[in-house]
Every structure is written in C-alpha cells, then in structure tokens.
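A.B. asks: What follows is a structure written as structure tokens; I'll ask about it next.
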Amino acid sequence: MKNKRLLIISAVSFSLIFTACKKNKDKEEEQKDDFNKTELLTNMADNIIIPSYISYKSSVDSLELATTTFISNKNNANLLSLRAKFQNVYLSFEVVSAFEFGPAESEVFRSGANTFPCDTPQINSNINTEVYDLNMASNFDAKGYPALDYLLYGKGKTDQQILDHFTIDSNAVKRSGYLIALVAELKTKATSIVNQWNSSYRTTFISSNGSDIGSSVGLLVNQLNQDLEITKNYRVGIPLGKKTLGVVLPEKCEAYYSKASLVLLKKHVESLEKIYLGNSGKGFDDYLDFLNAQYNGASLNATITNQFTVVKEKINLIPETLDNSVVNNQAPVDVAYTELQRLVVLLKADMPSALGIVITYQDTDGD
Amino acid sequence: MINKLKNNLLRDVSIAPLVVFRIAFGALMFLSTLRFIMKGWVYDMYIKPEHFFPFYGFEWLSPLSSNGMYAVFCLMLISALFIMTGLFYRISTTLFFLLFTYVELIDKTNYLNHYYFISLVSFLIIFLPAAKAYSLDNLFFKRSSLKSVSNYWIWTIKFQVLIVYFFAGVAKLNYDWLFEAQPLRIWLPAQNHLPVVGGLMDELWVAYFFSWFGCVYDLFIPFLLVRRKTIFIAYFFVIVFHLATRALFNIGMFPYIMIALTVIFFPEEFHKKLLSFLPDLNTHTSTKQYSNSIFKRRIFFYVMGLFFFFQLLMPFRYIAYPGKLFWTEQGFRFSWRVMLMEKAGTSFFYVEDKTSGKKIEISNCDYLTPMQEKMMCTQPDMMLQYARIIKNDFEKKGMENFAVKADAFVTLNGGGSRRFVDSSIDLSSLKDDFKNKTWILPY
C-alpha cells in the first residue's frame, strides 16, 4: 500500500519534471533570448579585464623606461616625458582599479597603488632614512601614484625646483632611489597580475559562474560598488567637506599635485560604466533586461544607464581644477556628488537585489 | 474528544523516539557548531565587529573577549556531545540552551529563524526524559534504563516541529508570494547556471510552481506527518523539499536539521529498530514507568502551555502595527517568515550640527561589518541602534548639540529602491520600543 502510494507520487513528480523539460525545449525552439552568466564572465575577462590589464602593464613599462631615462639623464625634457608617462599610467590605473579580486586582491593592488592623499612627511622620512618596507601598512600612503604625484610635481614647485630635488638637493640621490623603488613595485605587481590572469585565473573566473559569495558575478558587482564608493567618498566627498562639516579639503583630492583629479575622475566613472555595460558585449545591462528588472515602474537597466549619463554630465560641468572648484565653486561639485550618491543606491541596493546575488564579503547562512 | 486527546497524551509509549531525537539533535548541534567555528564565523560575527545590535531588552549583553567567545563555542561543542551521549543530561541541555541563546541575542545581524528554532528546541529538551535510556548517565550512575514514557513528552517536540511548518505556510499566504511569485522569481534565475535544472530556473512558471508547492507543503505537511498512514509519504516530501532548498539556496545546516528531526514522527517500532544497533549501556532494565509527581507534571504543563502559547501568539503581533509588514518589519522576527522577501538597502547616515545645519557624512564601514551594514539598512530598529552607536562615538569625540539623520533607500522584492525613513528625524533621539515607528515612510 505504502509502496504503491510512493510509486504514484514518484510517477507524478517525474511527469512534472518531464513536462517541465519539454516545455523548456519548446521555449528554446522559440529562440528565447537566453542569458547565461558564463557569457557575461567570458566577455568581461576577454574584452575588458585582460585587455585593460595588458594596457595598464604596458603603461607601467613605459613609466619604468621613462624613469630609467630620467634618472640616467636628469634634464627638463626627460622630466616632462616622465610626467607624461605618469599621467598616462594613472589613467590606465583608473580602468583596472575595480577588479580588486583574485590576482589583484592577493597583490593588495588598489590600496597599494592609490591610497590618497599621500603622507608627505612619511615619504620624506622614507627618503631620508632609506629604511622602509613598502609592504607595511604605514607606507601605503607613501607609495604608488599619489607618492609619484608628489615627487614629480610637488606643491607649488617650478619644474626647475623639482629637477633640483633630483639633482642638487642634499637628498637627491636618495630621492632618485625612492622613485625607482616605487616604480619597481608598481611594475612587479602589474606583471604578477597580468601573468595570473593569462595563466590560470581566467578559467577560474569564468567557471565560477554561480551567484553566491565568491562567485565571479558577486565579485564583480561587489568591487564595482566598492570602487564607486571610493569615487563618491574619496575622489569627491572628502575634498568637498562631506565628512568635515562642510570644511573643504582640496589637498585631499586625488592627484592633487599634478592637478589631474577631474580627468582621472571622469576616466574612472567611464570605466565603471564600461564594466556595467560589458563594453559592447554581454554586461549587467543585458542581464538586468533579461530578468526584466524593474525600478518603480521603469526598467532598472534604463534607470542605471541613464544615471551613469547624468553623473558623467554633472562631472563635466565641474570647472577645472577640482581642488579649485571645491574651494571656489562648490555648487557643481555638490550636484555631481548627489548624482553619484544616487548611482550608489542603484548599484548597491537595486542591482544586486534584482540579480539575486550576495555581495557582502562575509560568508554566512541565509534564512 | 478532549478526553480522548487527554488519554492519548497520557498513555505510555516507547521512549525510543525521544532517545533517537536526543542523539540526532546532539550530533547535529555538534556538527553545526563545529562548522560555525571552522568557517571562521566566531571571529567574523563576534570578535571582529566593533559594535553590536543586541535584541530589545538584552542591550546589557555583549560578546566576551576573543578567547571568551571561543570558549563559549567550545563549551557548546562539549555540551552538544554530552546531549548526544546522554551525559549530565539536565546540565548539558541547560548549558547548551543558555550558551546558544546568549550568542544569538548578542547581535540581530545574525538572526535566522532556524537559530530561533534551535533555541526553542534546546529549551524544550531540558525538560524531557530523553536520557533515561541509551545514555552515559545510566551507565555511570548505574541507573536502570526506562522503556516507556508518557506520550506528551514526545508530543511537545512534535508540536514544536509542526508549529514551524504551519506558520511558515501561513506566512506564505500573501499576495507577493502567491500571485507575484516573489521573491522566488528573483532568486531562482540566479541559479540558472546549475547543471540539468539550470534552464528551468529562468522560467517564470517554475517560480510560481515552487511558491505554491512550498506554501501547500508547509501548510499541509503537519497533517500528513501526524497520521501514521501518511507519515512515509510526508517524509518523502520532507526530504524532497529540504534537499531542493539546500540545492538552491545558501541555508546551511537547516535542511539537514529538519530532515533529521522530523524522524520523531515515525512509529516507535522504527525508532526501536534504530536503537537496536546501539548498546543499551545498561544491564538491568526497570519496568518502572518514569514517574512524575502530579505536582511536577502540572508545573510542566503550565510551562509548556506558556511556552507554546507565546509561540502561537508571536507570529500575529504584526497585526498590531499599521503598514506593510515586509516594509516596516514591525513584528517580523520570531514568526517563521522564512525566505519570504528579497530586500536590500543603502543608507547614508549624517551627523548634523544643530546650530549650523552642516553635516558629516558617515562611512558605514567605519563602524559596521558588511553584514551588519546590509542588515541595518533594511531593518528600522537596527537603524535606531546604529544612530545611537554614531551618537556615542561623536559624543566621545567631544561634539555637542548634534542630530543623527539618514538618507535611506530600500528595494523590496525587486520593486526598485524608495526612500525608507524620514530624513528629517534625529534617529539618535528616538528610543526603540514596541510602539509604531511613525518615522518609517509608507511603502
């Protein structure tokens, strides 16, 4: 009797599953616009992440070359050429800063390369004593691009004065050594990351196609968010006095000495947008559309895409330079900040929620 | 009818189901606790965070030092092992209940319905004569093992399990779950990478099927479990249901716990057979019934009556609050509302100088772990606690005359984020209580 019932139930279950599969097949024949995460991840890896890292690495190589040239022949032309390479590599850094997982995470890449503002007394002390370990947490704001920014431009220094720092200053030799060490560290990390992506990590990344913590989609979205929050808080918010009762802190701008803050900010937001869109391939835009994700009656993808456009527009309305604007022309910076905040809400709450993915780092059981 | 019920509850039955339950529960608690420690969660949840969100009325609780917390978990391991083997039963069950509940009360962030369930069960088993057979207590203290107990002992556990299922079913009787297939229509497509069934996950009808199946399952499985005729069919569904949820969602040990504990509904012959593989640990068996004085029994009935009355009431307290339950979460916890909604939020908190109106924006990560931030952003009572945390910190820094306000946005079941709380309210000035939180904006 019992067995008979079990049999019936099993039969019903199997027929349900069977009809389910059949129905699914019918749908496939209808050429339903399907979406799979592997495609998205493959596109991210092959068309965005790896090419960006390769381009970043070649910028670092050029920086290293220009540094060697400058050190061996310290003249104004070589300084200007080094600065050009620095500007260039800083821009390529903005493109890869959001991929802080896997190889980059193990290299502590983002905070190692770009903790700003830099700690100038620490830099000068490192130069003076020549005793420093760049891996130490206390040196994270004494290295990377913010430190190069300081060394190559300085505050209110003429080109000649900077040149003098590397030639006739009492610490000129030590300073040159520090410059070489900083660039060498950047190069080591860039090389390691590119090598890891080119060897095994690409496969790891693409095959981790779930939605849980540590899945590649989860990592991408999490880092997209963390990086966006860095822009909102550090590139714009803190200089604008958002954490200091409105007391502006222009010297806390990214690339404060080279005055490249706005250019870098624009590049960074563009890069985040590119990740979101998956460039011209499968991206989160397609994913959200496939899921028919909603935002208070509108399409979530359309809302996010539009918000990226708004943010870019508002940033474009900020007059150069950023450190000058936060002091003398706050209104447009404030507008851009508000729009960045809106973007944070969309990417941090709406998108992960719609995708059903877990973005917190912490592993835990659900309910 | 009442008499029949009474007679049934008072009649003698084999102790075997209780013993099997005790062994299974002890073993599972041991494994769960071990898993918890091995995953590094003791550190992540109770050592790393700088601030905590204790439950209402338990604000005086705080985590111990790092060593202290690990000691608590080790004691939990040991007491679970003792429960399993039936050693110092009354002490080890009491200890396990206290330790487990203490840990749960420290931080709302980690609230899970299944932890609540474990707290309840571990309280319940303190009173049961589950170590009167097949136990080290019998062996060491040369007690004779018990063959039979009154049926009501077993029924307390059965009733506890039934409550979980039934209320989980009742909670699913809402528009979003039944007619929008929310949140499953969001969660299932996230699993479309799974082998074999992955393609199905993108199908809307599958989300509807799972929603309705889950609801019907929860509501009716109690009735199938309690009937001897249908117990095996019911158990088949129990396994299918819990393994399916295990495969699809990140819900840890819960499915295994439910699958193992539901065995209590099996006929006693089944349990006897299971136990026949174990040594009785006692040579002389008493034919004496486990005797409770009438007085003791009466006390037990009152305690259990209160215990279950409270549980039957809790899920309905939400009725006392206006507004959408899923949005305000007033009366949400302790109600078996399991996997009912997809909710996410982002909050920007500000410290605002009352004289100048100028603001300091807070980085939530300066105070909270990612998990705490995530939970705080969607749960109003946690927002109040967080505002307090910020207030205390700024007072320590010497700031005076300021308010803590929040721009908070929440999206519920994929509807799109909306403003969650009144951004003009000084959250740090409010006291958390059971009154309606009028500062939560209507959905």
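Within each chain, counting starts at residue 1; across the structure tokens, chains are named A, B, ... in the order shown, with ligands numbered 1 upward in that order.
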Do me a favour and pick out the residues of chain B within 6 Å of chain A, using only C-alpha atoms, as a list in words.
C.D. replies: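 Residues passing the distance filter: Leu112, Ile186, Trp187, Ala190, Asn250, Ile251, Gly252, Val338, Met339, Ala344, Gly345, Thr346, Lys358, Lys359, Ile360, Glu361, Pro370, Gly414, Gly415 and Gly416 of chain B.
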A.B. asks: Could you pull out the alpha helix (DSSP H) residues of stretch 15-122 of chain A from DSSP and send them as a PyMOL selection string?
C.D. replies: chain A and resi 15-29+37-43+50-72+76-96+103-106+109-113+120-122
A.B. asks: I want to know what sits within 10 Å of A:His268, based on only C-alpha atoms, with residues of the same chain fewer than 5 positions away left out; could you give that as a PyMOL selection string?
C.D. replies: chain A and resi 91-98+227-228+231+235+262-263+273-274
A.B. asks: Compare A:Val108, A:Ile123, A:Ile318, A:Ala190 by their minimum atom-to-atom distance to A:Gly154, counting only C-alpha atoms, and give me the closest one.
C.D. replies: A:Ile123
A.B. asks: Write out as a list in words which residues come within 9 Å of stretch 32-49 of chain B when counting only C-alpha atoms, dropping same-chain ones fewer than 6 positions away.
C.D. replies: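 My reading of the contact set: Gln362, Asp363 and Thr364 of chain A; Pro63, Leu64, Ser65, Ser66, Met69, Tyr70, Phe73, Cys74, Met76, Leu77, Ala80, Val103, Ile106, Asp107, Thr109, Asn110, Gly252, Met253, Tyr367, Leu368, Thr369, Met371 and Gln372 of chain B.
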A.B. asks: Looking at B:Tyr217, B:Leu225, B:Ile239, B:Phe55, which one is nearest to B:Asp433, with distances taken over only C-alpha atoms?
C.D. replies: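 Among B:Tyr217, B:Leu225, B:Ile239, B:Phe55, it is B:Phe55 that comes nearest to B:Asp433.
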A.B. asks: So that I can see what lies close to A:Val333, please list as a ChimeraX atom specification the residues with an atom at most 10 Å from it, counting only C-alpha atoms and leaving out residues fewer than 4 positions away in the same chain.
C.D. replies: /A:236-237,239-240,314-319,322,325-326,329,337-339
A.B. asks: Would you save the residues of that selection, restricted to C-alpha atoms, as a tab-separated table (two decimals), in the first residue's frame?
C.D. replies:
```
chain	number	residue	atom	x	y	z
A	236	VAL	CA	34.70	63.88	-4.43
A	237	GLY	CA	33.14	63.72	-0.97
A	239	PRO	CA	37.62	67.19	-0.67
A	240	LEU	CA	34.15	68.72	-0.73
A	314	LYS	CA	27.42	66.63	-13.96
A	315	ILE	CA	31.11	65.85	-13.59
A	316	ASN	CA	31.73	67.52	-16.95
A	317	LEU	CA	30.11	70.66	-15.57
A	318	ILE	CA	32.71	70.94	-12.81
A	319	PRO	CA	35.28	73.54	-13.87
A	322	LEU	CA	38.75	70.00	-8.84
A	325	SER	CA	36.29	74.11	-7.55
A	326	VAL	CA	35.73	72.63	-4.10
A	329	ASN	CA	32.73	76.82	-6.96
A	337	TYR	CA	28.17	64.27	-5.58
A	338	THR	CA	24.41	63.94	-5.18
A	339	GLU	CA	24.15	62.15	-8.51
```
A.B. asks: Can you measure atom CA of A:Cys118 to atom CA of A:Thr167 for me? One decimal in Å is fine.
C.D. replies: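 Between these atoms lies a distance of 23.0 Å.
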A.B. asks: If you run DSSP over the backbone, which residues in stretch 103-351 of chain B end up strand (DSSP E)? Put them as a count of residues only.
C.D. replies: 12
A.B. asks: Write out as a PyMOL selection string each polymer residue whose atoms come within 10 Å of stretch 6-22 of chain B, counting only C-alpha atoms; drop sequence neighbours fewer than 6 positions from it.
C.D. replies: chain B and resi 28+80+83-86+89+125+128-135+145-155+157+260-276+289-290
